[in-house]
$ cat my_file_5.pdb   # PDB, C-alpha atoms
ATOM      1  CA  MET A   1      -6.378  13.245  27.587
ATOM      2  CA  ILE A   2      -4.901  14.587  30.842
ATOM      3  CA  LEU A   3      -5.307  11.200  32.541
ATOM      4  CA  SER A   4      -3.731   9.376  29.591
ATOM      5  CA  PHE A   5      -0.695  11.641  29.485
ATOM      6  CA  ALA A   6      -0.351  11.495  33.289
ATOM      7  CA  ILE A   7      -0.240   7.691  33.151
ATOM      8  CA  LEU A   8       2.265   7.810  30.292
ATOM      9  CA  THR A   9       4.479  10.265  32.184
ATOM     10  CA  LEU A  10       4.461   8.094  35.322
ATOM     11  CA  LEU A  11       5.175   5.003  33.250
ATOM     12  CA  TYR A  12       8.116   6.641  31.501
ATOM     13  CA  LEU A  13       9.591   7.942  34.784
ATOM     14  CA  ILE A  14       9.501   4.409  36.204
ATOM     15  CA  PHE A  15      10.992   3.110  32.952
ATOM     16  CA  LEU A  16      13.915   5.575  33.041
ATOM     17  CA  SER A  17      14.465   5.043  36.776
ATOM     18  CA  VAL A  18      14.860   1.293  36.290
ATOM     19  CA  LEU A  19      17.261   1.851  33.406
ATOM     20  CA  ALA A  20      19.305   4.321  35.438
ATOM     21  CA  TYR A  21      19.403   1.942  38.419
ATOM     22  CA  LEU A  22      20.704  -0.869  36.215
ATOM     23  CA  GLY A  23      23.322   1.424  34.721
ATOM     24  CA  LEU A  24      22.091   1.176  31.127
ATOM     25  CA  GLY A  25      23.376   3.906  28.832
ATOM     26  CA  ALA A  26      19.917   4.910  27.645
ATOM     27  CA  VAL A  27      20.776   8.481  26.648
ATOM     28  CA  PRO A  28      22.277   7.599  23.244
ATOM     29  CA  ILE A  29      19.302   5.389  22.436
ATOM     30  CA  ILE A  30      16.844   8.120  23.460
ATOM     31  CA  ILE A  31      18.691  10.648  21.291
ATOM     32  CA  ILE A  32      18.669   8.329  18.277
ATOM     33  CA  ALA A  33      15.015   7.382  18.727
ATOM     34  CA  SER A  34      14.048  11.044  19.198
ATOM     35  CA  ALA A  35      15.876  11.966  15.988
ATOM     36  CA  MET A  36      14.020   9.222  14.128
ATOM     37  CA  ILE A  37      10.682  10.422  15.470
ATOM     38  CA  LEU A  38      11.452  14.016  14.493
ATOM     39  CA  ALA A  39      12.433  12.872  11.005
ATOM     40  CA  GLN A  40       9.192  10.898  10.770
ATOM     41  CA  PHE A  41       7.236  13.929  11.975
ATOM     42  CA  TYR A  42       8.811  16.324   9.466
ATOM     43  CA  PHE A  43       8.530  13.969   6.497
ATOM     44  CA  SER A  44       5.270  12.244   7.478
ATOM     45  CA  ASP A  45       3.144  14.057   4.892
ATOM     46  CA  ARG A  46       5.423  13.005   2.029
ATOM     47  CA  ILE A  47       5.644   9.435   3.307
ATOM     48  CA  VAL A  48       1.871   9.093   3.688
ATOM     49  CA  LEU A  49       1.098  10.663   0.306
ATOM     50  CA  TRP A  50       3.645   8.442  -1.396
ATOM     51  CA  SER A  51       2.486   5.228   0.308
ATOM     52  CA  SER A  52      -1.196   5.956  -0.373
ATOM     53  CA  GLY A  53      -0.682   6.966  -3.992
ATOM     54  CA  ALA A  54      -2.288  10.359  -3.348
ATOM     55  CA  LYS A  55      -1.658  13.126  -5.876
ATOM     56  CA  VAL A  56      -1.966  16.818  -5.044
ATOM     57  CA  VAL A  57      -4.546  18.372  -7.392
ATOM     58  CA  SER A  58      -5.209  21.958  -8.430
ATOM     59  CA  ARG A  59      -8.448  23.914  -8.281
ATOM     60  CA  GLU A  60      -8.813  23.540 -12.049
ATOM     61  CA  GLN A  61      -8.718  19.739 -11.747
ATOM     62  CA  TYR A  62     -11.229  19.405  -8.887
ATOM     63  CA  PRO A  63     -13.067  22.745  -8.560
ATOM     64  CA  GLN A  64     -16.002  21.443  -6.493
ATOM     65  CA  LEU A  65     -13.748  19.771  -3.911
ATOM     66  CA  HIS A  66     -11.619  22.914  -3.616
ATOM     67  CA  GLU A  67     -14.777  25.021  -3.191
ATOM     68  CA  ILE A  68     -16.011  22.803  -0.353
ATOM     69  CA  ILE A  69     -12.692  23.136   1.482
ATOM     70  CA  GLU A  70     -12.503  26.880   0.859
ATOM     71  CA  ARG A  71     -15.991  27.404   2.320
ATOM     72  CA  ILE A  72     -15.153  25.502   5.496
ATOM     73  CA  VAL A  73     -11.768  27.145   6.115
ATOM     74  CA  ALA A  74     -13.222  30.599   5.451
ATOM     75  CA  ARG A  75     -16.007  30.071   8.000
ATOM     76  CA  ASN A  76     -13.595  28.743  10.617
ATOM     77  CA  ASN A  77     -10.602  31.034  10.040
ATOM     78  CA  LEU A  78      -8.251  28.222   9.033
ATOM     79  CA  PRO A  79      -5.500  28.202   6.397
ATOM     80  CA  LYS A  80      -6.373  26.209   3.302
ATOM     81  CA  PRO A  81      -4.514  22.885   3.131
ATOM     82  CA  ARG A  82      -3.246  21.279  -0.017
ATOM     83  CA  VAL A  83      -5.774  18.978  -1.665
ATOM     84  CA  ALA A  84      -4.951  15.458  -2.839
ATOM     85  CA  ILE A  85      -6.860  12.719  -4.629
ATOM     86  CA  ILE A  86      -6.383   8.951  -4.410
ATOM     87  CA  ASP A  87      -7.657   7.070  -7.452
ATOM     88  CA  THR A  88      -9.365   4.076  -5.844
ATOM     89  CA  ASN A  89     -12.905   2.766  -5.438
ATOM     90  CA  MET A  90     -12.404   2.455  -1.683
ATOM     91  CA  PRO A  91     -14.246   5.398  -0.043
ATOM     92  CA  ASN A  92     -12.035   7.125   2.496
ATOM     93  CA  ALA A  93     -10.187  10.300   3.454
ATOM     94  CA  PHE A  94      -7.323  11.419   5.653
ATOM     95  CA  ALA A  95      -5.308  14.464   6.687
ATOM     96  CA  THR A  96      -1.581  14.623   7.222
ATOM     97  CA  GLY A  97       1.142  17.197   7.801
ATOM     98  CA  ARG A  98       3.099  18.461  10.783
ATOM     99  CA  GLY A  99       1.237  21.786  11.078
ATOM    100  CA  ARG A 100      -1.652  23.867   9.823
ATOM    101  CA  LYS A 101       0.395  25.506   7.059
ATOM    102  CA  SER A 102       1.967  22.282   5.792
ATOM    103  CA  SER A 103      -1.139  20.117   5.905
ATOM    104  CA  VAL A 104      -2.758  18.004   3.213
ATOM    105  CA  VAL A 105      -6.331  16.711   2.996
ATOM    106  CA  ALA A 106      -6.729  13.683   0.751
ATOM    107  CA  VAL A 107      -9.925  11.984  -0.404
ATOM    108  CA  THR A 108     -10.483   9.001  -2.655
ATOM    109  CA  THR A 109     -12.427   9.046  -5.896
ATOM    110  CA  GLY A 110     -14.626   6.352  -4.361
ATOM    111  CA  LEU A 111     -15.618   8.718  -1.547
ATOM    112  CA  LEU A 112     -16.638  11.453  -3.995
ATOM    113  CA  GLN A 113     -18.786   8.946  -5.892
ATOM    114  CA  ILE A 114     -20.913   7.720  -2.962
ATOM    115  CA  LEU A 115     -21.338  10.895  -0.853
ATOM    116  CA  ASP A 116     -23.392  13.983  -1.567
ATOM    117  CA  THR A 117     -21.942  17.482  -1.157
ATOM    118  CA  GLU A 118     -22.996  17.983   2.481
ATOM    119  CA  GLU A 119     -21.646  14.557   3.463
ATOM    120  CA  VAL A 120     -18.317  15.393   1.801
ATOM    121  CA  GLU A 121     -18.315  18.639   3.795
ATOM    122  CA  GLY A 122     -18.727  16.623   7.008
ATOM    123  CA  VAL A 123     -15.793  14.381   6.119
ATOM    124  CA  ILE A 124     -13.579  17.323   5.120
ATOM    125  CA  ALA A 125     -14.468  19.171   8.348
ATOM    126  CA  HIS A 126     -13.475  16.054  10.325
ATOM    127  CA  GLU A 127     -10.058  16.055   8.669
ATOM    128  CA  LEU A 128      -9.649  19.806   9.116
ATOM    129  CA  THR A 129     -10.347  19.339  12.827
ATOM    130  CA  HIS A 130      -7.440  16.888  13.017
ATOM    131  CA  ILE A 131      -5.265  19.603  11.477
ATOM    132  CA  ARG A 132      -6.622  22.348  13.750
ATOM    133  CA  ASN A 133      -6.075  20.197  16.854
ATOM    134  CA  ARG A 134      -2.524  19.261  15.754
ATOM    135  CA  ASP A 135      -3.304  15.599  16.298
ATOM    136  CA  ALA A 136      -0.177  14.479  14.431
ATOM    137  CA  LEU A 137       1.951  16.352  16.975
ATOM    138  CA  VAL A 138      -0.041  14.989  19.924
ATOM    139  CA  LEU A 139       0.393  11.371  18.833
ATOM    140  CA  THR A 140       4.071  11.907  17.985
ATOM    141  CA  LEU A 141       4.769  13.197  21.494
ATOM    142  CA  ALA A 142       2.735  10.390  23.038
ATOM    143  CA  SER A 143       4.669   7.749  21.103
ATOM    144  CA  LEU A 144       8.162   9.056  21.930
ATOM    145  CA  PHE A 145       9.068   6.716  24.792
ATOM    146  CA  SER A 146       7.034   3.903  23.299
ATOM    147  CA  THR A 147       9.420   4.017  20.345
ATOM    148  CA  VAL A 148      12.432   4.136  22.673
ATOM    149  CA  ALA A 149      11.110   1.082  24.530
ATOM    150  CA  TRP A 150      10.596  -0.722  21.217
ATOM    151  CA  TYR A 151      14.195  -0.142  20.168
ATOM    152  CA  LEU A 152      15.446  -1.230  23.570
ATOM    153  CA  MET A 153      13.543  -4.485  23.141
ATOM    154  CA  GLN A 154      15.025  -4.974  19.673
ATOM    155  CA  PHE A 155      18.582  -4.140  20.753
ATOM    156  CA  GLY A 156      18.240  -6.208  23.880
ATOM    157  CA  PHE A 157      16.890  -9.218  22.012
ATOM    158  CA  TYR A 158      19.532  -9.219  19.284
ATOM    159  CA  GLY A 159      22.273  -8.311  21.751
ATOM    160  CA  GLY A 160      21.321 -11.287  23.881
ATOM    161  CA  LEU A 161      21.028 -13.514  20.827
ATOM    162  CA  TYR A 162      24.359 -12.650  19.245
ATOM    163  CA  GLY A 163      26.364 -11.150  22.084
ATOM    164  CA  GLY A 164      25.693 -13.487  24.959
ATOM    165  CA  GLY A 165      24.256 -12.448  28.288
ATOM    166  CA  GLY A 166      25.523  -8.861  28.231
ATOM    167  CA  TYR A 167      25.332  -6.513  25.280
ATOM    168  CA  GLY A 168      27.635  -3.794  26.485
ATOM    169  CA  TYR A 169      25.465  -0.703  26.812
ATOM    170  CA  GLY A 170      27.507   0.599  29.711
ATOM    171  CA  GLY A 171      25.908  -1.494  32.421
ATOM    172  CA  ARG A 172      27.567  -2.061  35.759
ATOM    173  CA  ASP A 173      28.055  -5.746  35.004
ATOM    174  CA  ARG A 174      28.177  -6.672  31.337
ATOM    175  CA  ASN A 175      28.024 -10.361  32.134
ATOM    176  CA  SER A 176      24.864 -10.073  34.170
ATOM    177  CA  GLY A 177      22.083 -11.900  32.399
ATOM    178  CA  GLY A 178      19.661 -10.903  35.146
ATOM    179  CA  ALA A 179      20.011  -7.205  34.323
ATOM    180  CA  MET A 180      19.381  -7.997  30.659
ATOM    181  CA  ILE A 181      16.165  -9.836  31.489
ATOM    182  CA  ILE A 182      14.932  -7.025  33.743
ATOM    183  CA  ILE A 183      15.645  -4.410  31.059
ATOM    184  CA  LEU A 184      13.807  -6.432  28.432
ATOM    185  CA  LEU A 185      10.812  -7.005  30.722
ATOM    186  CA  VAL A 186      10.595  -3.317  31.675
ATOM    187  CA  ALA A 187      10.946  -2.233  28.038
ATOM    188  CA  MET A 188       8.296  -4.734  26.955
ATOM    189  CA  LEU A 189       5.873  -3.644  29.678
ATOM    190  CA  THR A 190       6.441   0.022  28.799
ATOM    191  CA  TRP A 191       5.826  -0.628  25.120
ATOM    192  CA  VAL A 192       2.659  -2.703  25.671
ATOM    193  CA  VAL A 193       1.058  -0.219  28.102
ATOM    194  CA  SER A 194       2.099   2.724  25.902
ATOM    195  CA  PHE A 195       0.660   0.972  22.864
ATOM    196  CA  LEU A 196      -2.728   0.572  24.542
ATOM    197  CA  ILE A 197      -2.789   4.135  25.918
ATOM    198  CA  ILE A 198      -1.756   5.664  22.582
ATOM    199  CA  ARG A 199      -4.537   3.720  20.871
ATOM    200  CA  ALA A 200      -6.961   5.096  23.481
ATOM    201  CA  ILE A 201      -5.721   8.645  22.793
ATOM    202  CA  SER A 202      -6.139   8.064  19.049
ATOM    203  CA  ARG A 203      -9.724   6.859  19.531
ATOM    204  CA  TYR A 204     -10.485   9.938  21.621
ATOM    205  CA  ARG A 205      -9.021  12.187  18.918
ATOM    206  CA  GLU A 206     -11.428  10.612  16.420
ATOM    207  CA  PHE A 207     -14.391  11.441  18.658
ATOM    208  CA  ALA A 208     -13.014  14.981  19.009
ATOM    209  CA  ALA A 209     -12.657  15.303  15.225
ATOM    210  CA  ASP A 210     -16.253  14.116  14.739
ATOM    211  CA  ARG A 211     -17.412  16.739  17.231
ATOM    212  CA  GLY A 212     -15.316  19.412  15.516
ATOM    213  CA  SER A 213     -16.851  18.500  12.177
ATOM    214  CA  ALA A 214     -20.350  18.810  13.614
ATOM    215  CA  GLN A 215     -19.499  22.241  15.020
ATOM    216  CA  MET A 216     -17.929  23.461  11.778
ATOM    217  CA  THR A 217     -20.797  22.403   9.550
ATOM    218  CA  GLY A 218     -23.693  22.514  12.014
ATOM    219  CA  LYS A 219     -24.901  19.208  10.516
ATOM    220  CA  PRO A 220     -23.805  16.203  12.626
ATOM    221  CA  VAL A 221     -26.272  13.942  10.820
ATOM    222  CA  LYS A 222     -24.435  14.470   7.524
ATOM    223  CA  LEU A 223     -21.166  13.147   8.948
ATOM    224  CA  ALA A 224     -23.083  10.272  10.544
ATOM    225  CA  ASN A 225     -24.570   9.409   7.150
ATOM    226  CA  ALA A 226     -21.121   9.621   5.574
ATOM    227  CA  LEU A 227     -19.602   7.270   8.155
ATOM    228  CA  LEU A 228     -22.370   4.732   7.586
ATOM    229  CA  LYS A 229     -21.984   4.928   3.803
ATOM    230  CA  ILE A 230     -18.203   4.589   3.999
ATOM    231  CA  SER A 231     -18.269   1.623   6.391
ATOM    232  CA  GLY A 232     -21.066  -0.025   4.392
ATOM    233  CA  SER A 233     -19.213   0.361   1.106
ATOM    234  CA  MET A 234     -15.993  -0.884   2.729
ATOM    235  CA  ARG A 235     -17.575  -4.291   3.268
ATOM    236  CA  ARG A 236     -17.966  -4.646  -0.511
ATOM    237  CA  ILE A 237     -14.316  -3.868  -1.240
ATOM    238  CA  PRO A 238     -12.207  -7.014  -1.863
ATOM    239  CA  THR A 239     -10.138  -8.012   1.173
ATOM    240  CA  LYS A 240      -6.979  -8.000  -0.961
ATOM    241  CA  ASP A 241      -7.482  -4.313  -1.789
ATOM    242  CA  LEU A 242      -8.175  -3.437   1.845
ATOM    243  CA  ARG A 243      -5.024  -5.170   3.047
ATOM    244  CA  GLN A 244      -2.926  -3.125   0.635
ATOM    245  CA  VAL A 245      -3.788   0.053   2.570
ATOM    246  CA  GLU A 246      -4.089  -1.486   6.030
ATOM    247  CA  GLY A 247      -0.934   0.339   7.136
ATOM    248  CA  LEU A 248      -2.745   3.672   6.677
ATOM    249  CA  ASN A 249      -5.689   2.800   8.920
ATOM    250  CA  ALA A 250      -4.553   5.223  11.613
ATOM    251  CA  PHE A 251      -4.950   8.086   9.111
ATOM    252  CA  PHE A 252      -8.262   7.108   7.482
ATOM    253  CA  ILE A 253     -11.569   8.459   8.724
ATOM    254  CA  VAL A 254     -12.815   4.838   8.808
ATOM    255  CA  PRO A 255     -10.290   1.958   9.063
ATOM    256  CA  ALA A 256      -9.969  -0.202   5.978
ATOM    257  CA  LEU A 257     -10.499  -3.337   8.068
ATOM    258  CA  THR A 258     -12.987  -3.705  10.920
ATOM    259  CA  GLY A 259     -12.248  -5.960  13.872
ATOM    260  CA  SER A 260     -14.069  -7.786  16.621
ATOM    261  CA  THR A 261     -15.002  -6.377  20.009
ATOM    262  CA  ILE A 262     -11.660  -7.549  21.436
ATOM    263  CA  ALA A 263      -9.837  -5.955  18.491
ATOM    264  CA  ASN A 264     -11.438  -2.603  19.354
ATOM    265  CA  LEU A 265      -9.020  -2.392  22.293
ATOM    266  CA  PHE A 266      -6.148  -2.292  19.788
ATOM    267  CA  SER A 267      -7.908  -0.141  17.188
ATOM    268  CA  THR A 268      -6.957   3.442  16.386
ATOM    269  CA  HIS A 269     -10.651   4.267  15.824
ATOM    270  CA  PRO A 270     -13.781   3.789  17.923
ATOM    271  CA  PRO A 271     -16.565   1.668  16.399
ATOM    272  CA  VAL A 272     -18.568   3.463  13.723
ATOM    273  CA  GLU A 273     -21.769   2.682  15.615
ATOM    274  CA  LYS A 274     -20.582   4.622  18.685
ATOM    275  CA  ARG A 275     -19.434   7.535  16.565
ATOM    276  CA  VAL A 276     -22.797   7.688  14.808
ATOM    277  CA  GLN A 277     -24.604   7.494  18.143
ATOM    278  CA  LYS A 278     -22.697  10.491  19.513
ATOM    279  CA  LEU A 279     -23.289  12.478  16.320
ATOM    280  CA  MET A 280     -27.017  11.768  16.446
ATOM    281  CA  GLU A 281     -27.077  12.920  20.077
ATOM    282  CA  MET A 282     -25.473  16.172  18.924
ATOM    283  CA  GLU A 283     -28.029  16.472  16.138
ATOM    284  CA  ALA A 284     -30.852  16.035  18.661
ATOM    285  CA  SER A 285     -29.392  18.655  21.008
ATOM    286  CA  MET A 286     -29.023  21.140  18.136
ATOM    287  CA  SER A 287     -32.623  20.561  17.085
TER     288      SER A 287
END
$ encode --input "my_file_5.pdb" --output "structure tokens"
Amino acid sequence: MILSFAILTLLYLIFLSVLAYLGLGAVPIIIIASAMILAQFYFSDRIVLWSSGAKVVSREQYPQLHEIIERIVARNNLPKPRVAIIDTNMPNAFATGRGRKSSVVAVTTGLLQILDTEEVEGVIAHELTHIRNRDALVLTLASLFSTVAWYLMQFGFYGGLYGGGGYGYGGRDRNSGGAMIIILLVAMLTWVVSFLIIRAISRYREFAADRGSAQMTGKPVKLANALLKISGSMRRIPTKDLRQVEGLNAFFIVPALTGSTIANLFSTHPPVEKRVQKLMEMEASMS
């Protein structure tokens, strides 16, 4: 994590230095992009719940699920999150919210059907670890300049397309096509490298959440079993249904679509096999 953020910091300093040297008025764009990220951060739980079709449920509606969560939070001195259900056969779960007191843990009806109580506990503990570690905040901070670079690419592309060689962001020479090209190349490089590093951070956070789940429950093998059941059942879900929720893969405990070895570089999650291997190593050390 320290190495990843150090590389990101260095990358962003180079990025801003090039922009300053070329005379680009980047401050307004940074302010706008930062405001958009903050808005996304504050409203992320509502957006995710709405897009996933999750409904917050009471203790009377799902008493056993509430009891599982209450046991885990009581043992680990955590505030109880809101509980949501997604009515779908696809087995999965996710956590969202900008902080511990505004968090939501959502599970699908398909997950409750295929997992036993201890396996559900492992999945819930994984999601509670994401909340405890403030992973939403970590990834939001990591993606700040990546988002700025993305907007610079968009503005630069459309400015060049519709406004000629210069797009008037306060540069020293508005008619300089060379400056435009350099800005676009730097922004593109920043976005690509940031994209890969942020994905690496996300994969690490998944390993950390698996470890946190094992520590909370004391049963790493139960989460390992749950991951295998979820990924196995996912292969039987129609591709059309998986693609409908593909945009939420970063939130799910197991992505709705699995990729090739090359695709793992761009994935938000490590391979299930590696996660299971690490959990079984923890199980062996505890035994």
$ residues_near_point --input "my_file_5.pdb" --point "(-8.4, 15.5, 0.0)" --cutoff "7 Å" --atoms "all atoms listed in the file" --output "list of chain:residue names"
A:Val83, A:Ala84, A:Ile85, A:Ala93, A:Val104, A:Val105, A:Ala106, A:Val107
$ resolve_selection --input "my_file_5.pdb" --expression "the PyMOL selection byres ((chain A and resi 199) around 8)" --output "number ranges by chain"
A: 195-198, 200-203, 265-269
$ residues_near_point --input "my_file_5.pdb" --point "(-25.8, 21.0, 18.0)" --cutoff "9 Å" --atoms "only C-alpha atoms" --output "PyMOL selection string"
chain A and resi 214-215+218-220+281-287
$ residues_around --input "my_file_5.pdb" --residues "Leu111 in chain A" --least-positions-apart "6" --cutoff "12 Å" --atoms "only C-alpha atoms" --output "MDAnalysis selection string"
chainID A and resid 65 85:94 117 119:121 123:124 226:227 229:234 252:254
$ atom_distance --input "my_file_5.pdb" --atom1 "CA of Glu246 in chain A" --atom2 "CA of Arg82 in chain A"
23.6 Å
$ closest_residue --input "my_file_5.pdb" --among "A:Asn77, A:Glu118, A:Ala208, A:Thr96" --to "Asn133 in chain A" --atoms "all atoms listed in the file"
A:Ala208
$ axis_aligned_box --input "my_file_5.pdb" --around "range 224-231 of chain A" --padding-each-side "4 Å" --output "lines of an AutoDock Vina configuration file"
center_x = -21.4
center_y = 5.9
center_z = 7.2
size_x = 14.4
size_y = 16.6
size_z = 14.7
$ closest_residue --input "my_file_5.pdb" --among "A:Lys274, A:Lys80, A:His126, A:Arg59" --to "Thr217 in chain A" --atoms "all atoms listed in the file"
A:His126
$ atom_distance --input "my_file_5.pdb" --atom1 "CA of Ile7 in chain A" --atom2 "CA of Ala250 in chain A"
22.1 Å
$ resolve_selection --input "my_file_5.pdb" --expression "the PyMOL selection byres ((chain A and resi 276) around 9)" --output "ChimeraX atom specification"
/A:220-221,223-225,227-228,271-275,277-281
$ residues_around --input "my_file_5.pdb" --residues "Leu242 in chain A" --least-positions-apart "4" --cutoff "10 Å" --atoms "only C-alpha atoms" --output "ChimeraX atom specification"
/A:90,234-235,237-238,246-247,249,255-257
$ closest_residue --input "my_file_5.pdb" --among "A:Phe251, A:Phe207, A:Trp191, A:Phe43" --to "Pro270 in chain A" --atoms "all atoms listed in the file"
A:Phe207
